[in-house]
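Novice: I'm passing along data26.pdb; it holds PDB, C-alpha atoms and all ligand atoms.
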ATOM      1  CA  MET A  38      -4.406  -0.012  18.812  1.00  0.00           C
ATOM      2  CA  ARG A  39      -2.727  -3.349  19.118  1.00  0.00           C
ATOM      3  CA  SER A  40      -2.775  -5.242  16.581  1.00  0.00           C
ATOM      4  CA  ILE A  41       5.407   2.422   2.972  1.00  0.00           C
ATOM      5  CA  ARG A  42       8.121   2.574   4.823  1.00  0.00           C
ATOM      6  CA  THR A  43       8.134   6.111   3.520  1.00  0.00           C
ATOM      7  CA  ALA A  44       6.261   8.963   5.085  1.00  0.00           C
ATOM      8  CA  LEU A  45       3.599  10.064   2.649  1.00  0.00           C
ATOM      9  CA  PRO A  46       2.509  13.651   2.214  1.00  0.00           C
ATOM     10  CA  SER A  47       0.397  14.642   5.188  1.00  0.00           C
ATOM     11  CA  SER A  48      -1.859  16.842   3.128  1.00  0.00           C
ATOM     12  CA  ILE A  49      -5.213  15.999   1.661  1.00  0.00           C
ATOM     13  CA  LEU A  50      -3.807  17.609  -1.466  1.00  0.00           C
ATOM     14  CA  ALA A  51      -1.488  14.691  -1.960  1.00  0.00           C
ATOM     15  CA  PRO A  52      -1.933  12.835  -5.242  1.00  0.00           C
ATOM     16  CA  SER A  53      -4.740  10.340  -4.876  1.00  0.00           C
ATOM     17  CA  SER A  54      -2.452   7.420  -5.554  1.00  0.00           C
ATOM     18  CA  ALA A  55      -0.443   8.405  -2.485  1.00  0.00           C
ATOM     19  CA  VAL A  56      -3.493   8.572  -0.239  1.00  0.00           C
ATOM     20  CA  THR A  57      -5.182   5.349  -1.139  1.00  0.00           C
ATOM     21  CA  PRO A  58      -4.072   2.322  -3.052  1.00  0.00           C
ATOM     22  CA  PRO A  59      -6.035   1.145  -6.080  1.00  0.00           C
ATOM     23  CA  PRO A  60      -8.831  -1.331  -5.241  1.00  0.00           C
ATOM     24  CA  ASP A  61      -6.838  -4.399  -6.270  1.00  0.00           C
ATOM     25  CA  ALA A  62      -3.646  -3.419  -4.451  1.00  0.00           C
ATOM     26  CA  PRO A  63      -2.353  -5.590  -1.623  1.00  0.00           C
ATOM     27  CA  LEU A  64      -3.071  -4.309   1.858  1.00  0.00           C
ATOM     28  CA  PRO A  65      -0.587  -1.676   2.975  1.00  0.00           C
ATOM     29  CA  GLU A  66       1.893  -2.575   5.662  1.00  0.00           C
ATOM     30  CA  ILE A  67       1.464  -1.124   9.112  1.00  0.00           C
ATOM     31  CA  VAL A  68       4.003   1.628   9.601  1.00  0.00           C
ATOM     32  CA  GLN A  69       6.350   0.992  12.509  1.00  0.00           C
ATOM     33  CA  VAL A  70       7.718   3.354  15.129  1.00  0.00           C
ATOM     34  CA  GLY A  71      10.508   5.485  13.745  1.00  0.00           C
ATOM     35  CA  ALA A  72       8.531   6.525  10.675  1.00  0.00           C
ATOM     36  CA  GLU A  73       8.006  10.255  10.393  1.00  0.00           C
ATOM     37  CA  VAL A  74       4.297   9.939   9.601  1.00  0.00           C
ATOM     38  CA  LEU A  75       3.674   8.510  13.094  1.00  0.00           C
ATOM     39  CA  ARG A  76       5.170  11.618  14.667  1.00  0.00           C
ATOM     40  CA  ALA A  77       3.443  14.312  12.636  1.00  0.00           C
ATOM     41  CA  ARG A  78       0.136  16.027  13.280  1.00  0.00           C
ATOM     42  CA  ALA A  79      -2.324  14.545  10.806  1.00  0.00           C
ATOM     43  CA  ALA A  80      -4.409  16.880   8.623  1.00  0.00           C
ATOM     44  CA  GLU A  81      -8.133  17.514   8.943  1.00  0.00           C
ATOM     45  CA  VAL A  82     -10.263  15.878   6.254  1.00  0.00           C
ATOM     46  CA  PRO A  83     -12.589  18.411   4.585  1.00  0.00           C
ATOM     47  CA  LEU A  84     -16.204  17.403   5.177  1.00  0.00           C
ATOM     48  CA  ALA A  85     -16.911  17.364   1.441  1.00  0.00           C
ATOM     49  CA  ASP A  86     -14.150  14.799   0.886  1.00  0.00           C
ATOM     50  CA  ILE A  87     -15.402  12.219   3.381  1.00  0.00           C
ATOM     51  CA  THR A  88     -17.923  10.644   1.047  1.00  0.00           C
ATOM     52  CA  SER A  89     -15.574  10.662  -1.945  1.00  0.00           C
ATOM     53  CA  SER A  90     -14.807   7.279  -3.436  1.00  0.00           C
ATOM     54  CA  GLU A  91     -11.160   7.754  -2.598  1.00  0.00           C
ATOM     55  CA  MET A  92     -11.885   8.332   1.081  1.00  0.00           C
ATOM     56  CA  GLN A  93     -14.363   5.468   1.197  1.00  0.00           C
ATOM     57  CA  ARG A  94     -11.686   3.225  -0.238  1.00  0.00           C
ATOM     58  CA  LEU A  95      -9.252   4.406   2.416  1.00  0.00           C
ATOM     59  CA  VAL A  96     -11.766   3.588   5.177  1.00  0.00           C
ATOM     60  CA  LYS A  97     -12.347   0.139   3.697  1.00  0.00           C
ATOM     61  CA  THR A  98      -8.615  -0.493   3.498  1.00  0.00           C
ATOM     62  CA  MET A  99      -8.100   0.601   7.107  1.00  0.00           C
ATOM     63  CA  ILE A 100     -10.868  -1.718   8.308  1.00  0.00           C
ATOM     64  CA  GLU A 101      -9.278  -4.609   6.441  1.00  0.00           C
ATOM     65  CA  VAL A 102      -5.815  -3.864   7.798  1.00  0.00           C
ATOM     66  CA  MET A 103      -7.193  -3.604  11.341  1.00  0.00           C
ATOM     67  CA  ARG A 104      -9.055  -6.911  11.035  1.00  0.00           C
ATOM     68  CA  VAL A 105      -6.176  -8.786   9.438  1.00  0.00           C
ATOM     69  CA  ALA A 106      -3.675  -7.596  12.064  1.00  0.00           C
ATOM     70  CA  PRO A 107      -5.883  -8.069  14.161  1.00  0.00           C
ATOM     71  CA  GLY A 108      -6.281  -4.930  16.208  1.00  0.00           C
ATOM     72  CA  VAL A 109      -9.037  -3.061  17.991  1.00  0.00           C
ATOM     73  CA  GLY A 110      -8.184   0.277  16.419  1.00  0.00           C
ATOM     74  CA  LEU A 111      -6.193   1.743  13.550  1.00  0.00           C
ATOM     75  CA  ALA A 112      -5.396   5.350  12.722  1.00  0.00           C
ATOM     76  CA  ALA A 113      -4.679   6.514   9.161  1.00  0.00           C
ATOM     77  CA  PRO A 114      -1.048   7.486   9.905  1.00  0.00           C
ATOM     78  CA  GLN A 115      -0.445   3.833  10.736  1.00  0.00           C
ATOM     79  CA  ILE A 116      -0.755   2.993   7.053  1.00  0.00           C
ATOM     80  CA  GLY A 117       1.227   6.059   6.078  1.00  0.00           C
ATOM     81  CA  VAL A 118      -1.677   8.435   5.501  1.00  0.00           C
ATOM     82  CA  GLY A 119      -1.463  11.679   7.452  1.00  0.00           C
ATOM     83  CA  LEU A 120      -5.184  12.313   7.819  1.00  0.00           C
ATOM     84  CA  ARG A 121      -7.361  12.676  10.929  1.00  0.00           C
ATOM     85  CA  LEU A 122      -9.212   9.413  10.664  1.00  0.00           C
ATOM     86  CA  PHE A 123      -9.363   6.222  12.682  1.00  0.00           C
ATOM     87  CA  VAL A 124     -11.427   3.055  12.861  1.00  0.00           C
ATOM     88  CA  LEU A 125     -12.111   0.856  15.863  1.00  0.00           C
ATOM     89  CA  GLU A 126     -13.815  -2.426  16.561  1.00  0.00           C
ATOM     90  CA  ASP A 127     -13.582  -4.841  19.478  1.00  0.00           C
ATOM     91  CA  LYS A 128     -15.032  -8.291  18.881  1.00  0.00           C
ATOM     92  CA  PRO A 129     -15.986 -10.943  21.437  1.00  0.00           C
ATOM     93  CA  GLU A 130     -13.492 -13.357  19.862  1.00  0.00           C
ATOM     94  CA  TYR A 131     -10.653 -10.936  20.641  1.00  0.00           C
ATOM     95  CA  MET A 132     -11.493 -11.378  24.310  1.00  0.00           C
ATOM     96  CA  ALA A 133     -11.233 -15.164  24.275  1.00  0.00           C
ATOM     97  CA  ARG A 134      -8.080 -15.176  26.367  1.00  0.00           C
ATOM     98  CA  THR A 135      -9.381 -12.733  28.967  1.00  0.00           C
ATOM     99  CA  THR A 136     -11.318 -13.597  32.100  1.00  0.00           C
ATOM    100  CA  ALA A 137     -14.712 -12.225  32.996  1.00  0.00           C
ATOM    101  CA  ALA A 138     -13.165 -10.548  36.046  1.00  0.00           C
ATOM    102  CA  ASP A 139     -10.519  -8.904  33.880  1.00  0.00           C
ATOM    103  CA  ARG A 140     -13.080  -7.686  31.369  1.00  0.00           C
ATOM    104  CA  GLU A 141     -15.164  -6.307  34.203  1.00  0.00           C
ATOM    105  CA  ALA A 142     -12.201  -4.484  35.754  1.00  0.00           C
ATOM    106  CA  ARG A 143     -11.142  -2.962  32.437  1.00  0.00           C
ATOM    107  CA  GLY A 144     -14.649  -2.176  31.327  1.00  0.00           C
ATOM    108  CA  ARG A 145     -13.962  -4.160  28.185  1.00  0.00           C
ATOM    109  CA  VAL A 146     -17.070  -4.764  26.114  1.00  0.00           C
ATOM    110  CA  PRO A 147     -17.576  -5.550  22.442  1.00  0.00           C
ATOM    111  CA  VAL A 148     -17.642  -2.453  20.253  1.00  0.00           C
ATOM    112  CA  PRO A 149     -19.172  -2.599  16.783  1.00  0.00           C
ATOM    113  CA  LEU A 150     -17.175  -1.059  13.979  1.00  0.00           C
ATOM    114  CA  LYS A 151     -16.911   2.717  14.249  1.00  0.00           C
ATOM    115  CA  VAL A 152     -15.267   5.266  11.991  1.00  0.00           C
ATOM    116  CA  PHE A 153     -14.246   8.737  13.133  1.00  0.00           C
ATOM    117  CA  PHE A 154     -13.067  11.537  10.885  1.00  0.00           C
ATOM    118  CA  ASN A 155     -11.641  14.669  12.506  1.00  0.00           C
ATOM    119  CA  PRO A 156     -12.363  13.478  16.060  1.00  0.00           C
ATOM    120  CA  VAL A 157     -12.233  15.787  19.048  1.00  0.00           C
ATOM    121  CA  LEU A 158     -11.751  13.960  22.310  1.00  0.00           C
ATOM    122  CA  ARG A 159     -12.646  15.201  25.771  1.00  0.00           C
ATOM    123  CA  LEU A 160     -11.494  13.321  28.861  1.00  0.00           C
ATOM    124  CA  LEU A 161     -14.176  13.112  31.526  1.00  0.00           C
ATOM    125  CA  GLY A 162     -13.935  12.895  35.296  1.00  0.00           C
ATOM    126  CA  GLU A 163     -11.019  12.242  37.590  1.00  0.00           C
ATOM    127  CA  ARG A 164     -11.027   8.469  37.394  1.00  0.00           C
ATOM    128  CA  LYS A 165      -7.943   6.902  35.841  1.00  0.00           C
ATOM    129  CA  ALA A 166      -7.099   3.348  34.878  1.00  0.00           C
ATOM    130  CA  THR A 167      -3.675   1.801  34.328  1.00  0.00           C
ATOM    131  CA  TYR A 168      -3.350  -1.291  32.155  1.00  0.00           C
ATOM    132  CA  LEU A 169      -1.012  -2.882  29.665  1.00  0.00           C
ATOM    133  CA  GLU A 170      -1.408  -1.392  26.228  1.00  0.00           C
ATOM    134  CA  GLY A 171       0.102  -2.249  22.892  1.00  0.00           C
ATOM    135  CA  CYS A 172       0.195  -0.729  19.431  1.00  0.00           C
ATOM    136  CA  LEU A 173       0.308  -2.252  15.973  1.00  0.00           C
ATOM    137  CA  SER A 174       2.993   0.314  15.145  1.00  0.00           C
ATOM    138  CA  VAL A 175       5.174  -0.764  18.082  1.00  0.00           C
ATOM    139  CA  ALA A 176       4.833  -4.431  17.214  1.00  0.00           C
ATOM    140  CA  GLY A 177       5.783  -6.985  19.826  1.00  0.00           C
ATOM    141  CA  PHE A 178       5.732  -4.837  22.940  1.00  0.00           C
ATOM    142  CA  VAL A 179       3.358  -3.699  25.673  1.00  0.00           C
ATOM    143  CA  ALA A 180       3.581  -1.325  28.612  1.00  0.00           C
ATOM    144  CA  LEU A 181       1.443   0.063  31.377  1.00  0.00           C
ATOM    145  CA  VAL A 182      -0.297   3.286  30.442  1.00  0.00           C
ATOM    146  CA  GLU A 183      -2.493   5.430  32.625  1.00  0.00           C
ATOM    147  CA  ARG A 184      -5.577   6.701  30.825  1.00  0.00           C
ATOM    148  CA  SER A 185      -8.780   8.454  31.742  1.00  0.00           C
ATOM    149  CA  PHE A 186     -11.491   5.917  32.453  1.00  0.00           C
ATOM    150  CA  GLU A 187     -14.135   7.902  30.643  1.00  0.00           C
ATOM    151  CA  ALA A 188     -14.100  10.026  27.519  1.00  0.00           C
ATOM    152  CA  GLU A 189     -16.368  11.686  25.037  1.00  0.00           C
ATOM    153  CA  ILE A 190     -15.625  11.942  21.355  1.00  0.00           C
ATOM    154  CA  GLU A 191     -17.189  13.987  18.612  1.00  0.00           C
ATOM    155  CA  GLY A 192     -16.378  13.487  14.981  1.00  0.00           C
ATOM    156  CA  THR A 193     -17.838  12.632  11.621  1.00  0.00           C
ATOM    157  CA  ASP A 194     -18.693   9.128  10.498  1.00  0.00           C
ATOM    158  CA  GLU A 195     -17.958   7.573   7.119  1.00  0.00           C
ATOM    159  CA  HIS A 196     -21.262   8.905   5.745  1.00  0.00           C
ATOM    160  CA  GLY A 197     -20.343  12.476   6.618  1.00  0.00           C
ATOM    161  CA  ALA A 198     -22.752  12.592   9.569  1.00  0.00           C
ATOM    162  CA  PRO A 199     -21.892  14.019  13.005  1.00  0.00           C
ATOM    163  CA  HIS A 200     -21.000  11.250  15.392  1.00  0.00           C
ATOM    164  CA  ALA A 201     -20.649  11.609  19.159  1.00  0.00           C
ATOM    165  CA  TRP A 202     -19.944   8.890  21.699  1.00  0.00           C
ATOM    166  CA  ARG A 203     -19.471   8.986  25.434  1.00  0.00           C
ATOM    167  CA  VAL A 204     -17.923   5.843  26.821  1.00  0.00           C
ATOM    168  CA  GLY A 205     -15.947   4.429  29.730  1.00  0.00           C
ATOM    169  CA  GLY A 206     -13.575   1.536  30.212  1.00  0.00           C
ATOM    170  CA  TRP A 207     -11.586  -0.120  27.438  1.00  0.00           C
ATOM    171  CA  PRO A 208     -13.307   1.636  24.539  1.00  0.00           C
ATOM    172  CA  ALA A 209     -12.367   4.959  26.154  1.00  0.00           C
ATOM    173  CA  ARG A 210      -8.758   3.764  26.217  1.00  0.00           C
ATOM    174  CA  ILE A 211      -8.914   2.872  22.530  1.00  0.00           C
ATOM    175  CA  LEU A 212     -10.281   6.341  21.744  1.00  0.00           C
ATOM    176  CA  GLN A 213      -7.425   7.985  23.636  1.00  0.00           C
ATOM    177  CA  HIS A 214      -4.822   5.778  21.974  1.00  0.00           C
ATOM    178  CA  GLU A 215      -6.144   6.391  18.449  1.00  0.00           C
ATOM    179  CA  THR A 216      -6.685  10.121  18.904  1.00  0.00           C
ATOM    180  CA  ASP A 217      -3.098  10.361  20.123  1.00  0.00           C
ATOM    181  CA  HIS A 218      -1.966   8.846  16.817  1.00  0.00           C
ATOM    182  CA  LEU A 219      -3.495  11.786  14.969  1.00  0.00           C
ATOM    183  CA  ASP A 220      -1.302  14.137  16.954  1.00  0.00           C
ATOM    184  CA  GLY A 221       1.877  12.155  16.467  1.00  0.00           C
ATOM    185  CA  THR A 222       1.797  10.692  19.968  1.00  0.00           C
ATOM    186  CA  LEU A 223       2.425   7.014  20.716  1.00  0.00           C
ATOM    187  CA  TYR A 224       1.663   5.122  23.918  1.00  0.00           C
ATOM    188  CA  ILE A 225       5.393   4.857  24.570  1.00  0.00           C
ATOM    189  CA  ASP A 226       5.321   8.613  25.239  1.00  0.00           C
ATOM    190  CA  ARG A 227       2.873   8.014  28.067  1.00  0.00           C
ATOM    191  CA  MET A 228       3.943   4.609  29.354  1.00  0.00           C
ATOM    192  CA  GLN A 229       5.466   3.676  32.657  1.00  0.00           C
ATOM    193  CA  THR A 230       8.858   3.073  31.113  1.00  0.00           C
ATOM    194  CA  ARG A 231       9.955   0.296  33.447  1.00  0.00           C
ATOM    195  CA  SER A 232       6.905  -1.776  32.494  1.00  0.00           C
ATOM    196  CA  PHE A 233       7.845  -1.828  28.808  1.00  0.00           C
ATOM    197  CA  ALA A 234       7.999  -5.498  27.859  1.00  0.00           C
ATOM    198  CA  LYS A 235       8.325  -7.762  24.869  1.00  0.00           C
ATOM    199  CA  VAL A 236       5.439 -10.092  24.149  1.00  0.00           C
ATOM    200  CA  ASP A 237       5.147 -13.157  21.939  1.00  0.00           C
TER     201      ASP A 237
HETATM  202 ZN    ZN A 301      -1.435   2.428  18.071  1.00  0.00          ZN
END
Mind turning the file's structure into structure tokens?
Ligand code: ZN
Specialist:
Amino acid sequence: MRSIRTALPSSILAPSSAVTPPPDAPLPEIVQVGAEVLRARAAEVPLADITSSEMQRLVKTMIEVMRVAPGVGLAAPQIGVGLRLFVLEDKPEYMARTTAADREARGRVPVPLKVFFNPVLRLLGERKATYLEGCLSVAGFVALVERSFEAEIEGTDEHGAPHAWRVGGWPARILQHETDHLDGTLYIDRMQTRSFAKVD
């Protein structure tokens, strides 16, 4: 979430060079809205592949791209890789321009780096929250999006271990945003259209 121009094969069977760049390659660009890969359903990653060097390199690349952007989440399709994988991380320094009251209202708290392969997300409870949201793949814009306040996710971490997390507030919003990416959905599909705005 906020912060190759060609759609790559969405299958894990794609040639390795198409899935991950070599170690010394420059960081891939973040794919922008309009690219086919952002609108396709990403493919499951076989459990046995998660610990492969190729997949580990992909995770490392995604973390770097997310941090350089910077963003609080990044899904594999956003660098042109159609696999069910995302990373997220929210650092205190990203919140420097927010107020304590705003953080409290949004339930925004620091989140250490997390990696989810093949996540399954469940929305919990009736409570909703509506806030401005942006996306690194819709660069330069934000809009109001209603999301569930609380969610639970189950997936596999970068070591191939089961990984479940139940969370509310801003991290739950990030989870919803990133899981949407794996199904070809962008926040602009869910936004209050008249709130769509350009930002600096
Ligand atoms: Zn996004």
Novice: With the PyMOL selection byres (((chain A and resi 201) around 12) and not hetatm) as the selection, what would be picked from this file? Answer as a PDB file with C-alpha atoms, in the frame of the given file, please.
Specialist:
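Ended up saving to out.pdb:
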ATOM      1  CA  LYS A 151     -16.911   2.717  14.249  1.00  0.00           C
ATOM      2  CA  VAL A 152     -15.267   5.266  11.991  1.00  0.00           C
ATOM      3  CA  PHE A 153     -14.246   8.737  13.133  1.00  0.00           C
ATOM      4  CA  PHE A 154     -13.067  11.537  10.885  1.00  0.00           C
ATOM      5  CA  ASN A 155     -11.641  14.669  12.506  1.00  0.00           C
ATOM      6  CA  PRO A 156     -12.363  13.478  16.060  1.00  0.00           C
ATOM      7  CA  VAL A 157     -12.233  15.787  19.048  1.00  0.00           C
ATOM      8  CA  LEU A 158     -11.751  13.960  22.310  1.00  0.00           C
ATOM      9  CA  ARG A 159     -12.646  15.201  25.771  1.00  0.00           C
ATOM     10  CA  ALA A 188     -14.100  10.026  27.519  1.00  0.00           C
ATOM     11  CA  GLU A 189     -16.368  11.686  25.037  1.00  0.00           C
ATOM     12  CA  ILE A 190     -15.625  11.942  21.355  1.00  0.00           C
ATOM     13  CA  GLU A 191     -17.189  13.987  18.612  1.00  0.00           C
ATOM     14  CA  GLY A 192     -16.378  13.487  14.981  1.00  0.00           C
ATOM     15  CA  THR A 193     -17.838  12.632  11.621  1.00  0.00           C
ATOM     16  CA  ASP A 194     -18.693   9.128  10.498  1.00  0.00           C
ATOM     17  CA  ALA A 198     -22.752  12.592   9.569  1.00  0.00           C
ATOM     18  CA  PRO A 199     -21.892  14.019  13.005  1.00  0.00           C
ATOM     19  CA  HIS A 200     -21.000  11.250  15.392  1.00  0.00           C
ATOM     20  CA  TRP A 202     -19.944   8.890  21.699  1.00  0.00           C
ATOM     21  CA  ARG A 203     -19.471   8.986  25.434  1.00  0.00           C
ATOM     22  CA  VAL A 204     -17.923   5.843  26.821  1.00  0.00           C
ATOM     23  CA  LEU A 212     -10.281   6.341  21.744  1.00  0.00           C
TER      24      LEU A 212
END
Novice: Between stretch 150-235 of chain A and stretch 89-103 of chain A, at 9 Å or less, what are the per-residue closest atom pairs and their distances in Å? Count all atoms listed in the file, order by chain and rising residue number, and return it as a tab-separated table.
Specialist:
residue	atom	partner	partner_atom	distance
A:Leu150	CA	A:Ile100	CA	8.5
A:Val152	CA	A:Val96	CA	7.8
A:Leu173	CA	A:Met103	CA	8.9
A:Glu195	CA	A:Gln93	CA	7.2
A:His196	CA	A:Gln93	CA	8.9
Novice: Which value, in Å to one decimal, gives the distance between atom CA of A:Gln213 and atom CA of A:Gly119?
Specialist: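 That distance, rounded to one decimal, is 17.6 Å.
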Novice: Take the PyMOL selection byres (((chain A and resi 162-170) around 8) and not hetatm), run it mentally on this structure, and tell me the resulting residues as an NGL selection string.
Specialist: :A and (39 or 143 or 160-161 or 171-172 or 179-187 or 224)
Novice: What gap, in Å, lies between atom CA of A:Ser174 and atom CA of A:Gln69?
Specialist: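 Value for the atom CA of A:Ser174-atom CA of A:Gln69 distance: 4.3 Å.
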Novice: Identify, on the basis of only C-alpha atoms, every residue whose closest approach to A:Glu126 does not exceed 6 Å; exclude the query and any residue fewer than 5 positions from it along the same chain; express the result as a PyMOL selection string.
Specialist: chain A and resi 109+148-150
Novice: Write a file of the selected residues as a PDB file, in the coordinates of the input, keeping C-alpha atoms.
Specialist:
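Writing done, so here's out-v6.pdb:
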ATOM      1  CA  VAL A 109      -9.037  -3.061  17.991  1.00  0.00           C
ATOM      2  CA  VAL A 148     -17.642  -2.453  20.253  1.00  0.00           C
ATOM      3  CA  PRO A 149     -19.172  -2.599  16.783  1.00  0.00           C
ATOM      4  CA  LEU A 150     -17.175  -1.059  13.979  1.00  0.00           C
TER       5      LEU A 150
END
Novice: Could you tell me how far atom CA of A:Val74 lies from atom CA of A:Ala176, in Å and to one decimal?
Specialist: 16.3 Å
Novice: Pick out the closest residue to ligand ZN 301 (chain A) from this set: A:Ala77, A:Leu64, A:Ala133, A:Ile225. Count all atoms listed in the file.
Specialist: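 Result for the nearest residue to ligand ZN 301 (chain A): A:Ile225.
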Novice: Name the closest residue to A:Asp217 among the candidates A:Met38, A:Met132, A:Val70, A:Val105; distances are taken between atoms, counting only C-alpha atoms.
Specialist: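 Of all the options, A:Met38 lies closest to A:Asp217.
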Novice: Within 6 Å of (-0.8, 11.6, 11.5), all atoms listed in the file: residues as an NGL selection string?
Specialist: :A and (74-75 or 77-79 or 114 or 119-120 or 219 or 221)
Novice: I need the residue nearest ligand ZN 301 (chain A) from this list: A:His214, A:Lys235, A:Arg104, A:Arg140. Use all atoms listed in the file for the distance.
Specialist: A:His214
Novice: For ligand ZN 301 (chain A), which of A:Arg231, A:His218, A:Lys128, A:Arg121 is the closest residue, counting only C-alpha atoms and all ligand atoms?
Specialist: A:His218
Novice: Pick from A:Ala234, A:Ile67, A:Leu84, A:Ala142: nearest to ligand ZN 301 (chain A), with all atoms listed in the file counted?
Specialist: A:Ile67
